[in-house]
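Have a look at entry00.pdb; it's PDB, C-alpha atoms and all ligand atoms:
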```pdb
ATOM      1  CA  MET A   9      -8.003 -20.882 -21.132
ATOM      2  CA  VAL A  10     -11.253 -19.498 -22.429
ATOM      3  CA  ASN A  11     -11.608 -15.696 -22.397
ATOM      4  CA  ARG A  12      -7.863 -15.120 -22.562
ATOM      5  CA  LEU A  13      -6.753 -12.381 -24.944
ATOM      6  CA  SER A  14      -4.587 -13.668 -27.786
ATOM      7  CA  GLU A  15      -0.936 -12.702 -28.150
ATOM      8  CA  GLY A  16      -1.998 -10.473 -31.027
ATOM      9  CA  GLN A  17      -4.615  -8.710 -28.935
ATOM     10  CA  LEU A  18      -2.148  -8.185 -26.089
ATOM     11  CA  ALA A  19       0.404  -6.803 -28.545
ATOM     12  CA  GLU A  20      -2.218  -4.409 -29.947
ATOM     13  CA  PHE A  21      -3.092  -3.260 -26.422
ATOM     14  CA  ASP A  22       0.572  -2.748 -25.519
ATOM     15  CA  GLU A  23       1.231  -0.730 -28.676
ATOM     16  CA  ASN A  24      -1.909   1.412 -28.819
ATOM     17  CA  GLY A  25      -2.855   1.521 -25.151
ATOM     18  CA  PHE A  26      -6.362   0.239 -25.837
ATOM     19  CA  LEU A  27      -8.258  -2.660 -27.410
ATOM     20  CA  VAL A  28     -11.890  -3.070 -28.428
ATOM     21  CA  VAL A  29     -13.329  -6.609 -28.258
ATOM     22  CA  PRO A  30     -16.802  -6.672 -29.867
ATOM     23  CA  ASP A  31     -19.820  -8.758 -28.861
ATOM     24  CA  VAL A  32     -18.583 -10.129 -25.538
ATOM     25  CA  LEU A  33     -21.844  -9.929 -23.586
ATOM     26  CA  GLY A  34     -25.162 -10.943 -25.106
ATOM     27  CA  THR A  35     -28.189  -8.740 -25.692
ATOM     28  CA  ALA A  36     -30.209 -10.086 -22.772
ATOM     29  CA  GLU A  37     -27.295  -9.703 -20.326
ATOM     30  CA  VAL A  38     -26.679  -6.137 -21.439
ATOM     31  CA  ALA A  39     -30.362  -5.256 -21.225
ATOM     32  CA  ALA A  40     -30.530  -6.549 -17.648
ATOM     33  CA  LEU A  41     -27.437  -4.527 -16.699
ATOM     34  CA  GLY A  42     -28.915  -1.489 -18.420
ATOM     35  CA  ALA A  43     -32.044  -1.778 -16.295
ATOM     36  CA  GLU A  44     -29.887  -2.012 -13.157
ATOM     37  CA  ALA A  45     -27.983   1.058 -14.287
ATOM     38  CA  GLU A  46     -31.259   2.978 -14.597
ATOM     39  CA  ALA A  47     -32.231   1.912 -11.081
ATOM     40  CA  LEU A  48     -28.882   3.166  -9.762
ATOM     41  CA  TYR A  49     -29.261   6.429 -11.703
ATOM     42  CA  GLY A  50     -32.645   6.870 -10.053
ATOM     43  CA  THR A  51     -31.432   6.259  -6.492
ATOM     44  CA  ASP A  52     -30.481   9.253  -4.375
ATOM     45  CA  SER A  53     -26.912   8.717  -3.205
ATOM     46  CA  PRO A  54     -23.564  10.555  -2.998
ATOM     47  CA  ARG A  55     -22.426   7.981  -5.570
ATOM     48  CA  ARG A  56     -24.393   9.841  -8.193
ATOM     49  CA  THR A  57     -23.030  12.843 -10.068
ATOM     50  CA  PHE A  58     -24.978  15.183 -12.333
ATOM     51  CA  GLU A  59     -24.248  17.311 -15.366
ATOM     52  CA  ALA A  60     -23.974  21.069 -14.887
ATOM     53  CA  ASP A  61     -27.782  21.389 -15.171
ATOM     54  CA  GLY A  62     -28.000  19.643 -11.810
ATOM     55  CA  ARG A  63     -30.610  17.147 -12.964
ATOM     56  CA  THR A  64     -29.188  15.099 -15.853
ATOM     57  CA  VAL A  65     -27.321  12.171 -14.359
ATOM     58  CA  ARG A  66     -23.649  12.066 -15.389
ATOM     59  CA  ALA A  67     -22.428   8.940 -13.597
ATOM     60  CA  VAL A  68     -22.890   6.625 -10.648
ATOM     61  CA  HIS A  69     -19.823   5.334  -8.822
ATOM     62  CA  GLY A  70     -18.964   2.132  -6.994
ATOM     63  CA  CYS A  71     -21.520  -0.025  -8.830
ATOM     64  CA  HIS A  72     -19.350  -3.093  -8.161
ATOM     65  CA  GLN A  73     -19.903  -2.613  -4.415
ATOM     66  CA  ILE A  74     -23.672  -2.945  -4.674
ATOM     67  CA  PRO A  75     -25.036  -6.540  -4.773
ATOM     68  CA  GLY A  76     -26.334  -7.227  -8.272
ATOM     69  CA  GLY A  77     -25.312  -7.585 -11.883
ATOM     70  CA  PHE A  78     -22.327  -5.215 -11.780
ATOM     71  CA  ALA A  79     -20.920  -6.832  -8.626
ATOM     72  CA  ASP A  80     -21.205 -10.216 -10.339
ATOM     73  CA  LEU A  81     -19.644  -8.877 -13.528
ATOM     74  CA  VAL A  82     -16.281  -7.970 -11.983
ATOM     75  CA  THR A  83     -15.497 -11.666 -11.343
ATOM     76  CA  ASP A  84     -16.845 -12.791 -14.726
ATOM     77  CA  ALA A  85     -14.046 -14.537 -16.650
ATOM     78  CA  ARG A  86     -14.736 -12.413 -19.719
ATOM     79  CA  LEU A  87     -13.508  -9.339 -17.809
ATOM     80  CA  LEU A  88     -11.316 -10.732 -15.028
ATOM     81  CA  VAL A  89      -9.167 -13.097 -17.102
ATOM     82  CA  PRO A  90      -8.052 -10.396 -19.582
ATOM     83  CA  ALA A  91      -7.611  -7.878 -16.746
ATOM     84  CA  ARG A  92      -5.272 -10.304 -14.944
ATOM     85  CA  GLN A  93      -3.376 -10.889 -18.192
ATOM     86  CA  ILE A  94      -2.838  -7.162 -18.781
ATOM     87  CA  VAL A  95      -1.997  -6.246 -15.183
ATOM     88  CA  GLY A  96      -0.016  -9.453 -14.624
ATOM     89  CA  GLY A  97      -1.321 -11.265 -11.589
ATOM     90  CA  ASP A  98      -3.962 -10.840  -8.888
ATOM     91  CA  VAL A  99      -6.201  -7.784  -9.091
ATOM     92  CA  TYR A 100      -9.002  -6.077  -7.221
ATOM     93  CA  VAL A 101     -11.330  -3.256  -8.362
ATOM     94  CA  HIS A 102     -10.059   0.148  -7.295
ATOM     95  CA  GLN A 103     -12.959   2.044  -8.828
ATOM     96  CA  SER A 104     -16.051   1.461 -10.923
ATOM     97  CA  LYS A 105     -18.543   3.802 -12.516
ATOM     98  CA  ILE A 106     -21.333   3.866 -15.037
ATOM     99  CA  ASN A 107     -20.996   6.952 -17.201
ATOM    100  CA  ALA A 108     -24.389   7.871 -18.625
ATOM    101  CA  LYS A 109     -23.555  10.230 -21.494
ATOM    102  CA  ARG A 110     -27.278  10.873 -21.764
ATOM    103  CA  ALA A 111     -28.961  11.458 -25.103
ATOM    104  CA  LEU A 112     -28.729  15.064 -26.329
ATOM    105  CA  SER A 113     -27.347  16.186 -22.967
ATOM    106  CA  GLY A 114     -24.326  14.110 -21.881
ATOM    107  CA  ASP A 115     -21.473  16.602 -21.465
ATOM    108  CA  ILE A 116     -17.815  16.318 -22.385
ATOM    109  CA  TRP A 117     -14.914  14.664 -20.600
ATOM    110  CA  PRO A 118     -11.879  16.867 -21.352
ATOM    111  CA  TRP A 119      -8.660  15.256 -22.506
ATOM    112  CA  HIS A 120      -7.034  13.589 -19.482
ATOM    113  CA  GLN A 121      -5.152  10.582 -18.156
ATOM    114  CA  ASP A 122      -6.884   8.497 -15.513
ATOM    115  CA  PHE A 123      -3.730   7.497 -13.655
ATOM    116  CA  THR A 124      -3.096  11.146 -12.751
ATOM    117  CA  PHE A 125      -6.241  11.079 -10.595
ATOM    118  CA  TRP A 126      -5.516   7.776  -8.922
ATOM    119  CA  ASN A 127      -1.896   8.772  -8.286
ATOM    120  CA  ARG A 128      -2.567  12.279  -6.994
ATOM    121  CA  GLU A 129      -5.881  11.774  -5.207
ATOM    122  CA  ASP A 130      -5.695   8.150  -4.074
ATOM    123  CA  GLY A 131      -1.953   7.571  -3.622
ATOM    124  CA  MET A 132      -1.630   4.853  -6.244
ATOM    125  CA  ALA A 133       2.103   4.499  -6.926
ATOM    126  CA  GLU A 134       2.341   2.700 -10.240
ATOM    127  CA  PRO A 135       0.131   2.400 -13.372
ATOM    128  CA  ARG A 136      -0.231  -1.356 -12.806
ATOM    129  CA  VAL A 137      -3.915  -0.904 -13.412
ATOM    130  CA  VAL A 138      -6.277  -1.288 -16.353
ATOM    131  CA  ASN A 139      -9.733   0.016 -17.261
ATOM    132  CA  VAL A 140     -12.241  -2.505 -18.589
ATOM    133  CA  ALA A 141     -15.269  -0.773 -20.066
ATOM    134  CA  LEU A 142     -18.537  -2.445 -21.054
ATOM    135  CA  PHE A 143     -20.684  -0.712 -23.650
ATOM    136  CA  LEU A 144     -24.241  -0.747 -22.292
ATOM    137  CA  ASP A 145     -25.337   1.120 -25.412
ATOM    138  CA  ALA A 146     -23.798   1.151 -28.865
ATOM    139  CA  ALA A 147     -21.078   3.797 -29.182
ATOM    140  CA  THR A 148     -21.481   5.602 -32.488
ATOM    141  CA  ASP A 149     -19.977   8.631 -34.197
ATOM    142  CA  HIS A 150     -22.809  10.753 -32.835
ATOM    143  CA  ASN A 151     -23.404   9.878 -29.165
ATOM    144  CA  GLY A 152     -20.132  11.037 -27.644
ATOM    145  CA  PRO A 153     -17.862   8.007 -28.053
ATOM    146  CA  LEU A 154     -14.690   7.732 -26.021
ATOM    147  CA  LEU A 155     -11.804   9.320 -27.966
ATOM    148  CA  LEU A 156      -8.266   8.010 -27.503
ATOM    149  CA  ILE A 157      -4.835   8.917 -28.831
ATOM    150  CA  PRO A 158      -3.010   5.687 -29.719
ATOM    151  CA  GLY A 159       0.381   5.293 -28.067
ATOM    152  CA  SER A 160      -0.092   8.277 -25.747
ATOM    153  CA  HIS A 161       0.181   5.945 -22.756
ATOM    154  CA  LEU A 162       3.904   5.642 -23.507
ATOM    155  CA  VAL A 163       4.687   9.364 -23.767
ATOM    156  CA  ALA A 164       6.031  10.960 -20.598
ATOM    157  CA  GLY A 165       5.147  14.424 -19.391
ATOM    158  CA  THR A 166       1.705  14.777 -20.944
ATOM    159  CA  GLU A 167      -0.206  15.480 -17.764
ATOM    160  CA  THR A 168      -1.135  19.021 -16.910
ATOM    161  CA  VAL A 169      -2.286  19.941 -13.471
ATOM    162  CA  ARG A 170      -4.589  22.893 -13.845
ATOM    163  CA  PRO A 171      -5.886  24.220 -10.541
ATOM    164  CA  GLY A 172      -9.548  23.783 -11.249
ATOM    165  CA  LYS A 173     -12.502  25.193  -9.409
ATOM    166  CA  LYS A 174     -13.331  23.075  -6.387
ATOM    167  CA  ALA A 175     -16.906  21.893  -6.310
ATOM    168  CA  GLU A 176     -19.049  23.651  -3.737
ATOM    169  CA  LYS A 177     -19.725  20.490  -1.774
ATOM    170  CA  GLU A 178     -16.534  18.397  -1.763
ATOM    171  CA  SER A 179     -13.273  18.554  -3.681
ATOM    172  CA  TRP A 180     -13.577  14.974  -4.957
ATOM    173  CA  GLN A 181     -16.488  16.060  -7.094
ATOM    174  CA  ALA A 182     -14.128  18.399  -8.969
ATOM    175  CA  HIS A 183     -12.544  15.312 -10.463
ATOM    176  CA  LEU A 184     -15.786  13.931 -11.820
ATOM    177  CA  ALA A 185     -17.221  16.982 -13.557
ATOM    178  CA  ALA A 186     -16.881  18.289 -17.109
ATOM    179  CA  ASP A 187     -14.396  20.907 -15.824
ATOM    180  CA  LEU A 188     -11.600  18.627 -14.663
ATOM    181  CA  GLU A 189      -8.726  19.735 -12.463
ATOM    182  CA  TYR A 190      -6.164  17.451 -14.089
ATOM    183  CA  THR A 191      -6.226  17.696 -17.873
ATOM    184  CA  VAL A 192      -3.806  17.292 -20.776
ATOM    185  CA  SER A 193      -2.835  20.583 -22.395
ATOM    186  CA  ARG A 194      -3.965  21.658 -25.857
ATOM    187  CA  GLU A 195      -0.318  21.645 -26.921
ATOM    188  CA  SER A 196       0.173  18.067 -25.749
ATOM    189  CA  VAL A 197      -3.026  16.913 -27.465
ATOM    190  CA  ALA A 198      -1.923  18.612 -30.699
ATOM    191  CA  ARG A 199       1.553  17.087 -30.504
ATOM    192  CA  LEU A 200       0.315  13.602 -29.649
ATOM    193  CA  SER A 201      -2.438  13.560 -32.261
ATOM    194  CA  ALA A 202       0.005  14.770 -34.932
ATOM    195  CA  SER A 203       1.831  11.475 -34.647
ATOM    196  CA  ALA A 204      -1.233   9.284 -34.175
ATOM    197  CA  ASP A 205      -4.762  10.091 -35.327
ATOM    198  CA  ILE A 206      -7.435  10.296 -32.653
ATOM    199  CA  VAL A 207      -9.524   7.116 -32.567
ATOM    200  CA  SER A 208     -13.200   6.842 -31.585
ATOM    201  CA  ALA A 209     -13.942   3.716 -29.574
ATOM    202  CA  LEU A 210     -16.970   2.549 -31.527
ATOM    203  CA  GLY A 211     -18.842  -0.702 -30.994
ATOM    204  CA  GLY A 212     -22.142  -2.348 -30.307
ATOM    205  CA  ALA A 213     -23.697  -2.851 -26.882
ATOM    206  CA  GLY A 214     -21.939  -5.761 -25.199
ATOM    207  CA  SER A 215     -18.509  -4.809 -26.534
ATOM    208  CA  LEU A 216     -15.548  -4.439 -24.162
ATOM    209  CA  LEU A 217     -12.942  -1.664 -24.326
ATOM    210  CA  PHE A 218      -9.689  -2.216 -22.461
ATOM    211  CA  PHE A 219      -7.653   0.967 -21.973
ATOM    212  CA  ASP A 220      -4.411   1.822 -20.219
ATOM    213  CA  SER A 221      -4.590   4.177 -17.223
ATOM    214  CA  ARG A 222      -2.125   6.560 -18.871
ATOM    215  CA  ILE A 223      -3.696   6.834 -22.305
ATOM    216  CA  VAL A 224      -4.828  10.343 -23.192
ATOM    217  CA  HIS A 225      -8.580  10.178 -23.738
ATOM    218  CA  GLY A 226     -11.749  12.177 -23.485
ATOM    219  CA  SER A 227     -15.178  12.416 -25.077
ATOM    220  CA  GLY A 228     -17.413  14.980 -26.647
ATOM    221  CA  SER A 229     -21.002  15.785 -25.836
ATOM    222  CA  ASN A 230     -23.796  13.474 -26.929
ATOM    223  CA  MET A 231     -25.555  15.013 -29.940
ATOM    224  CA  SER A 232     -27.720  11.977 -30.651
ATOM    225  CA  PRO A 233     -31.083  10.833 -29.292
ATOM    226  CA  ALA A 234     -29.365   7.678 -27.985
ATOM    227  CA  ASP A 235     -27.651   7.335 -24.591
ATOM    228  CA  ARG A 236     -24.049   6.125 -24.541
ATOM    229  CA  ARG A 237     -23.903   4.402 -21.187
ATOM    230  CA  MET A 238     -20.614   2.725 -20.341
ATOM    231  CA  ALA A 239     -19.656   0.775 -17.207
ATOM    232  CA  ILE A 240     -15.940   1.086 -16.418
ATOM    233  CA  PHE A 241     -14.141  -1.193 -13.960
ATOM    234  CA  THR A 242     -10.628  -0.237 -12.884
ATOM    235  CA  TYR A 243      -8.667  -3.376 -12.027
ATOM    236  CA  ASN A 244      -5.571  -2.644  -9.947
ATOM    237  CA  SER A 245      -2.753  -5.010  -9.015
ATOM    238  CA  VAL A 246      -2.931  -6.229  -5.428
ATOM    239  CA  ASP A 247       0.786  -5.343  -5.364
ATOM    240  CA  ASN A 248      -0.084  -1.713  -6.138
ATOM    241  CA  VAL A 249      -2.486  -0.892  -3.334
ATOM    242  CA  PRO A 250      -2.537   2.880  -2.796
ATOM    243  CA  GLY A 251      -0.670   4.294   0.180
ATOM    244  CA  ALA A 252      -2.059   6.707   2.736
ATOM    245  CA  VAL A 253      -3.206  10.106   1.517
ATOM    246  CA  ALA A 254      -4.049  13.267   3.458
ATOM    247  CA  ALA A 255      -7.678  13.328   2.333
ATOM    248  CA  PRO A 256      -8.914   9.823   1.443
ATOM    249  CA  ARG A 257     -11.703   9.861  -1.113
ATOM    250  CA  PRO A 258     -14.936   7.983  -0.456
ATOM    251  CA  ASP A 259     -14.871   4.188  -0.707
ATOM    252  CA  PHE A 260     -16.963   4.364  -3.879
ATOM    253  CA  LEU A 261     -14.099   6.229  -5.612
ATOM    254  CA  ALA A 262     -11.119   4.490  -4.000
ATOM    255  CA  ALA A 263     -12.126   1.021  -2.814
ATOM    256  CA  ARG A 264     -10.829  -0.109   0.545
ATOM    257  CA  ASP A 265     -11.372  -3.818  -0.196
ATOM    258  CA  HIS A 266      -8.156  -4.984  -1.856
ATOM    259  CA  SER A 267      -8.750  -8.732  -1.692
ATOM    260  CA  PRO A 268      -7.728 -10.515  -4.892
ATOM    261  CA  LEU A 269     -10.642 -11.392  -7.154
ATOM    262  CA  GLN A 270     -11.278 -14.976  -8.255
ATOM    263  CA  VAL A 271     -13.288 -15.952 -11.323
ATOM    264  CA  THR A 272     -16.819 -16.992 -10.335
ATOM    265  CA  ARG A 273     -18.379 -17.653 -13.764
TER     266      ARG A 273
HETATM  267  O1  LIG B 301     -11.124  11.100 -10.245
HETATM  268  C1  LIG B 301     -11.277   9.988 -10.737
HETATM  269  O2  LIG B 301     -10.925   8.961 -10.171
HETATM  270  C2  LIG B 301     -12.005   9.870 -12.071
HETATM  271  N1  LIG B 301     -11.850  11.046 -12.855
HETATM  272  C3  LIG B 301     -11.565  10.990 -14.159
HETATM  273  C4  LIG B 301     -11.697  12.187 -14.983
HETATM  274  N2  LIG B 301     -11.103   9.892 -14.730
HETATM  275  C5  LIG B 301     -10.558   8.871 -13.809
HETATM  276  C6  LIG B 301     -11.562   8.626 -12.767
HETATM  277  O3  LIG B 301     -12.690   7.998 -13.298
HETATM  278 FE    FE B 302     -10.957   8.902 -17.860
END
```
Using structure tokens, write down the structure from this file.
Ligand code: 6CS
Ligand code: FE
Amino acid sequence: MVNRLSEGQLAEFDENGFLVVPDVLGTAEVAALGAEAEALYGTDSPRRTFEADGRTVRAVHGCHQIPGGFADLVTDARLLVPARQIVGGDVYVHQSKINAKRALSGDIWPWHQDFTFWNREDGMAEPRVVNVALFLDAATDHNGPLLLIPGSHLVAGTETVRPGKKAEKESWQAHLAADLEYTVSRESVARLSASADIVSALGGAGSLLFFDSRIVHGSGSNMSPADRRMAIFTYNSVDNVPGAVAAPRPDFLAARDHSPLQVTR
């Protein structure tokens, strides 16, 4: 079937915990999505988060829930078919976001594992979930590319739960800031990167990055005059729907619609 990952690509993903597939979406498609991202960044909403300066947009969440290009993208075969292959079966989108990593101001994402957040905050039991990221801008050495440690998704005991400062407004915002509550310790990062060099996920706009929910990753600040916007869709198995939690996070962080997605284009 068209859009399926090859056996070799799946093997690379299983071994490293991530896979970059270049040039999946075309220039015009990406430009249209980029314009929609700017409109979302400019719309006042609790979905939006800001950098520490309080005015530079850091991300907007739940873009797949808003009618438009990102909602259409989640059932595009180029994303959904590989996501189903990796997860193994029917999936829905647990979470989506467009990280802005703005030019000369986008702040860091400390080393962390995504599954820790979805397990601890949303009640997701198993890592039967995959991130599919679309590069809206080229990711270069200079604009804060995503950094990953190959194979770290297979190493147990890397998570560190550091009681972070709770955001003034709501605790869920503590998990979206540059000062994360759940990070991976310096010692773990040193140990993991001693056995596998840190990789920068570089690629042109329109590339896809698939990454495992347990892989240790992070990103530095953007030192370039170019944004590094990235839309990330978290496809979860319909057999792994989160259980009840004491303090459910907003729908735009932990989607309540778990209906299995079907390819629409
Ligand atoms: O809390 C969350 O769900 C988000 N926080 C981080 C740092 N990564 C996973 C997820 O996007
Ligand atoms: Fe992350």
Run through the PyMOL selection byres (((not hetatm)) within 10 of (chain B and resi 301)) on the given coordinates and return the selected residues as a ChimeraX atom specification. /A:67,69,102-107,117-130,139,180-191,221,225-226,240-242,257,260-262
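Considering the residues A:Leu269, A:Leu156, A:Leu13, A:Ala45 and counting only C-alpha atoms, Ala239 of chain A has its shortest atom-to-atom contact with A:Ala45.
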For atom CA of Ser53 of chain A and atom CA of Leu142 of chain A, determine how far apart the two atoms are, in Å to one decimal place.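 Between atom CA of Ser53 of chain A and atom CA of Leu142 of chain A the gap works out to 22.7 Å.
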For Ala204 of chain A, please output as JSON, numbers by chain all residues within 9 Å (counting all atoms listed in the file; exclusion window: fewer than 6 positions along the same chain). {"A": [157, 158, 159, 160]}
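Within the 9 Å cut-off around Asp98 of chain A, using only C-alpha atoms and omitting residues fewer than 4 positions from it on the same chain, the listed residues are Arg92, Asn244, Ser245, Val246, Asp247, Ser267, Pro268, Leu269 and Gln270 of chain A.
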Would you work out the distance separating atom CA of Ala111 of chain A from atom CA of Arg56 of chain A, expressed in Å to one decimal?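 One can read the atom CA of Ala111 of chain A to atom CA of Arg56 of chain A distance as 17.6 Å.
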Contacts of Val89 of chain A at 12 Å or less, counting all atoms listed in the file, minus same-chain residues fewer than 5 places along, as a ChimeraX atom specification? /A:9-14,81-84,94-99,140,243,269-273
Output C-alpha atoms for every residue in that selection, as a CSV table (one decimal), in the coordinates of the input.
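File produced: result.csv:
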```
chain,number,residue,atom,x,y,z
A,9,MET,CA,-8.0,-20.9,-21.1
A,10,VAL,CA,-11.3,-19.5,-22.4
A,11,ASN,CA,-11.6,-15.7,-22.4
A,12,ARG,CA,-7.9,-15.1,-22.6
A,13,LEU,CA,-6.8,-12.4,-24.9
A,14,SER,CA,-4.6,-13.7,-27.8
A,81,LEU,CA,-19.6,-8.9,-13.5
A,82,VAL,CA,-16.3,-8.0,-12.0
A,83,THR,CA,-15.5,-11.7,-11.3
A,84,ASP,CA,-16.8,-12.8,-14.7
A,94,ILE,CA,-2.8,-7.2,-18.8
A,95,VAL,CA,-2.0,-6.2,-15.2
A,96,GLY,CA,0.0,-9.5,-14.6
A,97,GLY,CA,-1.3,-11.3,-11.6
A,98,ASP,CA,-4.0,-10.8,-8.9
A,99,VAL,CA,-6.2,-7.8,-9.1
A,140,VAL,CA,-12.2,-2.5,-18.6
A,243,TYR,CA,-8.7,-3.4,-12.0
A,269,LEU,CA,-10.6,-11.4,-7.2
A,270,GLN,CA,-11.3,-15.0,-8.3
A,271,VAL,CA,-13.3,-16.0,-11.3
A,272,THR,CA,-16.8,-17.0,-10.3
A,273,ARG,CA,-18.4,-17.7,-13.8
```
Would you please work out which residue, of A:Gly114, A:Ala47, A:Ala141, A:Glu23, is nearest to ligand FE 302 (chain B) when using only C-alpha atoms and all ligand atoms?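 With only C-alpha atoms and all ligand atoms as the atom set, the closest residue is A:Ala141.
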Kindly complete segment 94-107 of chain A to N, CA, C and O atoms; the output should be written as a CSV table (one decimal), keeping the file's coordinate frame.
```
chain,number,residue,atom,x,y,z
A,94,ILE,N,-3.4,-8.5,-18.5
A,94,ILE,CA,-2.8,-7.2,-18.8
A,94,ILE,C,-2.1,-6.7,-17.6
A,94,ILE,O,-0.9,-6.2,-17.7
A,95,VAL,N,-2.7,-6.8,-16.4
A,95,VAL,CA,-2.0,-6.2,-15.2
A,95,VAL,C,-0.8,-7.2,-14.8
A,95,VAL,O,0.2,-6.7,-14.3
A,96,GLY,N,-1.1,-8.5,-15.0
A,96,GLY,CA,0.0,-9.5,-14.6
A,96,GLY,C,-0.1,-9.9,-13.2
A,96,GLY,O,0.6,-9.5,-12.3
A,97,GLY,N,-1.2,-10.7,-12.9
A,97,GLY,CA,-1.3,-11.3,-11.6
A,97,GLY,C,-2.7,-10.9,-10.9
A,97,GLY,O,-3.6,-10.4,-11.6
A,98,ASP,N,-2.7,-11.1,-9.6
A,98,ASP,CA,-4.0,-10.8,-8.9
A,98,ASP,C,-4.4,-9.4,-8.9
A,98,ASP,O,-3.5,-8.5,-8.8
A,99,VAL,N,-5.7,-9.2,-9.0
A,99,VAL,CA,-6.2,-7.8,-9.1
A,99,VAL,C,-7.4,-7.7,-8.2
A,99,VAL,O,-8.0,-8.7,-7.8
A,100,TYR,N,-7.7,-6.4,-7.9
A,100,TYR,CA,-9.0,-6.1,-7.2
A,100,TYR,C,-9.5,-4.8,-8.0
A,100,TYR,O,-8.8,-4.3,-8.8
A,101,VAL,N,-10.8,-4.4,-7.7
A,101,VAL,CA,-11.3,-3.3,-8.4
A,101,VAL,C,-11.1,-2.0,-7.5
A,101,VAL,O,-11.7,-1.9,-6.4
A,102,HIS,N,-10.3,-1.1,-8.0
A,102,HIS,CA,-10.1,0.1,-7.3
A,102,HIS,C,-11.3,1.1,-7.4
A,102,HIS,O,-11.6,1.8,-6.5
A,103,GLN,N,-11.9,1.1,-8.6
A,103,GLN,CA,-13.0,2.0,-8.8
A,103,GLN,C,-13.9,1.5,-9.9
A,103,GLN,O,-13.4,0.8,-10.8
A,104,SER,N,-15.1,1.8,-9.8
A,104,SER,CA,-16.1,1.5,-10.9
A,104,SER,C,-17.0,2.6,-11.1
A,104,SER,O,-17.3,3.4,-10.1
A,105,LYS,N,-17.5,2.8,-12.3
A,105,LYS,CA,-18.5,3.8,-12.5
A,105,LYS,C,-19.3,3.4,-13.8
A,105,LYS,O,-18.9,2.7,-14.6
A,106,ILE,N,-20.5,4.0,-13.8
A,106,ILE,CA,-21.3,3.9,-15.0
A,106,ILE,C,-21.6,5.3,-15.6
A,106,ILE,O,-22.3,6.0,-15.0
A,107,ASN,N,-20.8,5.6,-16.6
A,107,ASN,CA,-21.0,7.0,-17.2
A,107,ASN,C,-22.2,6.9,-18.1
A,107,ASN,O,-22.4,6.0,-18.9
```
